[in-house]
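See structure below.
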Amino acid sequence: MPRSTKEKLCKNCNETKPSGEFYYHRDRRKRGKACKSCTDKVTRKRHRKKRDEGDYKFILRSRAAVIKRDKKAKFANGGPLIPVDSNLPDILCELWESQSGKCFYTDVPMILGSGKFQSNNPNFATVDRLIPNLGYVKGNLVLCGRLVNGCMQDVLFEDYIEHCQFFVDNANTIREKLKLI
Ligand SMILES: [Zn+2]
């Protein structure tokens, strides 16, 4: 029988599947006892539990991986080169600890969690670059709520404050203009 048609019984779902449907463990030099689909289910469940429990190390490490992947993909597509520190996972965890899980700007406790609904929360933890072009490197990062980060976008803090000041100073004029629409 050719190698590719070899079959194996999954100890989890009790189904017989081609051996290619089982992950190969290089260190153990053999395939897993459960099939890929069963293994993936267990992994997903374990990851979801960690996110639901607010395991900040797990969540921030995954976040760092997403940032790295995202910037690399954008650069490959002709975007700007945004430096990403290879220690980003540790940097984000240290920030979370030193800020005690609070937004750098507002001191409001941030939310990590999982799911698309939580990421819409204004207090959802995001990574802010103080000088955007310097990228995700130590000394250029703080954690802050989604709303604050969303407002500031890629603007420097002092420019942002000037912008806010304009709105505060002209609030009544803007209110009057809005009434005329
Ligand atoms: Zn299985």
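Residues are named by chain letter and number: chains run A, B, ... in the order of the structure tokens, numbers start at 1 in each chain, and ligands are numbered from 1 in the order shown.
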
9 Å shell around ligand 1 using only C-alpha atoms and all ligand atoms, listed as an MDAnalysis selection string: chainID A and resid 9:17 21:22 33:39

Counting only C-alpha atoms, what is within 10 Å of segment 149-165 of chain A, bar same-chain residues fewer than 5 positions away, as a PyMOL selection string?
chain A and resi 105+122-133+143-144+170-171

Any chance you can output those residues with N, CA and C atoms as an mmCIF file, in the first residue's frame?
data_model
loop_
_atom_site.group_PDB
_atom_site.id
_atom_site.type_symbol
_atom_site.label_atom_id
_atom_site.label_comp_id
_atom_site.auth_asym_id
_atom_site.auth_seq_id
_atom_site.Cartn_x
_atom_site.Cartn_y
_atom_site.Cartn_z
ATOM 1 N N TYR A 105 -3.737 57.440 28.638
ATOM 2 C CA TYR A 105 -4.181 58.835 28.606
ATOM 3 C C TYR A 105 -5.285 59.141 29.604
ATOM 4 N N PRO A 122 -15.253 51.157 23.649
ATOM 5 C CA PRO A 122 -14.326 52.293 23.650
ATOM 6 C C PRO A 122 -13.102 52.072 24.530
ATOM 7 N N ASN A 123 -13.237 51.181 25.513
ATOM 8 C CA ASN A 123 -12.106 50.933 26.419
ATOM 9 C C ASN A 123 -11.279 49.705 26.032
ATOM 10 N N PHE A 124 -11.550 49.177 24.847
ATOM 11 C CA PHE A 124 -10.790 48.024 24.363
ATOM 12 C C PHE A 124 -9.320 48.428 24.214
ATOM 13 N N ALA A 125 -8.417 47.605 24.766
ATOM 14 C CA ALA A 125 -6.984 47.952 24.763
ATOM 15 C C ALA A 125 -6.398 47.934 23.353
ATOM 16 N N THR A 126 -5.737 49.034 22.976
ATOM 17 C CA THR A 126 -5.062 49.112 21.679
ATOM 18 C C THR A 126 -3.632 49.615 21.899
ATOM 19 N N VAL A 127 -2.810 49.434 20.881
ATOM 20 C CA VAL A 127 -1.407 49.852 20.967
ATOM 21 C C VAL A 127 -1.250 51.182 20.240
ATOM 22 N N ASP A 128 -0.749 52.192 20.952
ATOM 23 C CA ASP A 128 -0.562 53.509 20.341
ATOM 24 C C ASP A 128 0.925 53.805 20.163
ATOM 25 N N ARG A 129 1.284 54.258 18.953
ATOM 26 C CA ARG A 129 2.668 54.685 18.690
ATOM 27 C C ARG A 129 2.747 56.191 18.917
ATOM 28 N N LEU A 130 3.655 56.630 19.767
ATOM 29 C CA LEU A 130 3.768 58.063 20.057
ATOM 30 C C LEU A 130 4.195 58.820 18.801
ATOM 31 N N ILE A 131 5.223 58.334 18.130
ATOM 32 C CA ILE A 131 5.617 58.880 16.824
ATOM 33 C C ILE A 131 5.374 57.752 15.817
ATOM 34 N N PRO A 132 4.262 57.848 15.071
ATOM 35 C CA PRO A 132 3.816 56.733 14.233
ATOM 36 C C PRO A 132 4.903 56.119 13.344
ATOM 37 N N ASN A 133 5.741 56.948 12.706
ATOM 38 C CA ASN A 133 6.728 56.413 11.770
ATOM 39 C C ASN A 133 7.825 55.586 12.428
ATOM 40 N N LEU A 143 -0.236 51.698 25.821
ATOM 41 C CA LEU A 143 -1.528 51.053 25.591
ATOM 42 C C LEU A 143 -2.605 52.072 25.938
ATOM 43 N N CYS A 144 -3.623 52.160 25.091
ATOM 44 C CA CYS A 144 -4.720 53.086 25.395
ATOM 45 C C CYS A 144 -6.028 52.540 24.843
ATOM 46 N N ASN A 170 -14.567 76.326 19.658
ATOM 47 C CA ASN A 170 -15.587 76.654 18.654
ATOM 48 C C ASN A 170 -16.854 75.829 18.786
ATOM 49 N N ALA A 171 -17.027 75.178 19.933
ATOM 50 C CA ALA A 171 -18.169 74.264 20.102
ATOM 51 C C ALA A 171 -19.503 74.947 19.791
#

message = Can you pull out every residue from segment 68-162 of chain A that DSSP, working from the backbone, puts in strand (DSSP E), and format the result as a PyMOL selection string?
response = chain A and resi 125-129+141-145

I'd like to know which residues of segment 27-96 of chain A are helix (DSSP H, G or I) (by DSSP, run on the backbone); could you write them as a ChimeraX atom specification?
/A:36-52,56-76,88-96

_List as a ChimeraX atom specification the protein and nucleic acid residues near Ser98 of chain A, meaning an atom at most 12 Å away when only C-alpha atoms are counted, but skip any in the same chain fewer than 6 places from it._
/A:91-92,104,142-143

If you keep N, CA and C atoms, can you produce a file of those selected residues as an mmCIF file, in the first residue's frame?
data_model
loop_
_atom_site.group_PDB
_atom_site.id
_atom_site.type_symbol
_atom_site.label_atom_id
_atom_site.label_comp_id
_atom_site.auth_asym_id
_atom_site.auth_seq_id
_atom_site.Cartn_x
_atom_site.Cartn_y
_atom_site.Cartn_z
ATOM 1 N N ILE A 91 7.214 43.506 25.227
ATOM 2 C CA ILE A 91 7.013 44.950 25.430
ATOM 3 C C ILE A 91 5.552 45.236 25.789
ATOM 4 N N LEU A 92 4.627 44.607 25.059
ATOM 5 C CA LEU A 92 3.198 44.841 25.325
ATOM 6 C C LEU A 92 2.810 44.337 26.721
ATOM 7 N N PHE A 104 -3.368 54.689 29.045
ATOM 8 C CA PHE A 104 -2.272 55.608 29.338
ATOM 9 C C PHE A 104 -2.773 57.053 29.468
ATOM 10 N N VAL A 142 2.522 53.033 23.930
ATOM 11 C CA VAL A 142 1.706 52.988 25.143
ATOM 12 C C VAL A 142 0.438 52.210 24.789
ATOM 13 N N LEU A 143 -0.236 51.698 25.821
ATOM 14 C CA LEU A 143 -1.528 51.053 25.591
ATOM 15 C C LEU A 143 -2.605 52.072 25.938
#

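The nearest approach to Ile59 of chain A among the residues A:Cys93, A:Leu178, A:Leu147, A:Met110, with only C-alpha atoms taken into account, belongs to A:Cys93.
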
Between A:Lys30, A:Lys57, A:Lys8, A:Lys71, smallest distance to Glu97 of chain A by only C-alpha atoms belongs to A:Lys57

Distance of atom CA of Leu112 of chain A from atom CA of Leu88 of chain A, expressed in Å to one decimal place: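 So the answer is 16.8 Å.
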
- Task: State, in Å with one decimal place, the distance from atom CA of Ala76 of chain A to atom CA of Gly135 of chain A.
- Result: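 Rounded to one decimal, the two atoms are 16.3 Å apart.
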
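Closest approach to Asp70 of chain A among A:Gly54, A:Gly139, A:Pro83, A:Pro89: A:Pro83, based on only C-alpha atoms.
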
Atom pair atom CA of His25 of chain A + atom CA of Arg48 of chain A, distance 23.4 Å

From the list A:Asn120, A:Val137, A:Gly113, A:Arg29, the nearest residue to Ile67 of chain A using only C-alpha atoms is A:Val137

Check: Between A:Lys138, A:Arg46, A:Lys41, A:Lys179, which is the closest to Asp85 of chain A once you count only C-alpha atoms?
Finding: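 Nearest to Asp85 of chain A: A:Lys138.
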
Handout entry: Nearest to Ser119 of chain A, chosen from A:Pro18, A:Gly145, A:Thr173, A:Lys72, with only C-alpha atoms counted in the distances
Key =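 Using only C-alpha atoms, the shortest distance to Ser119 of chain A belongs to A:Gly145.
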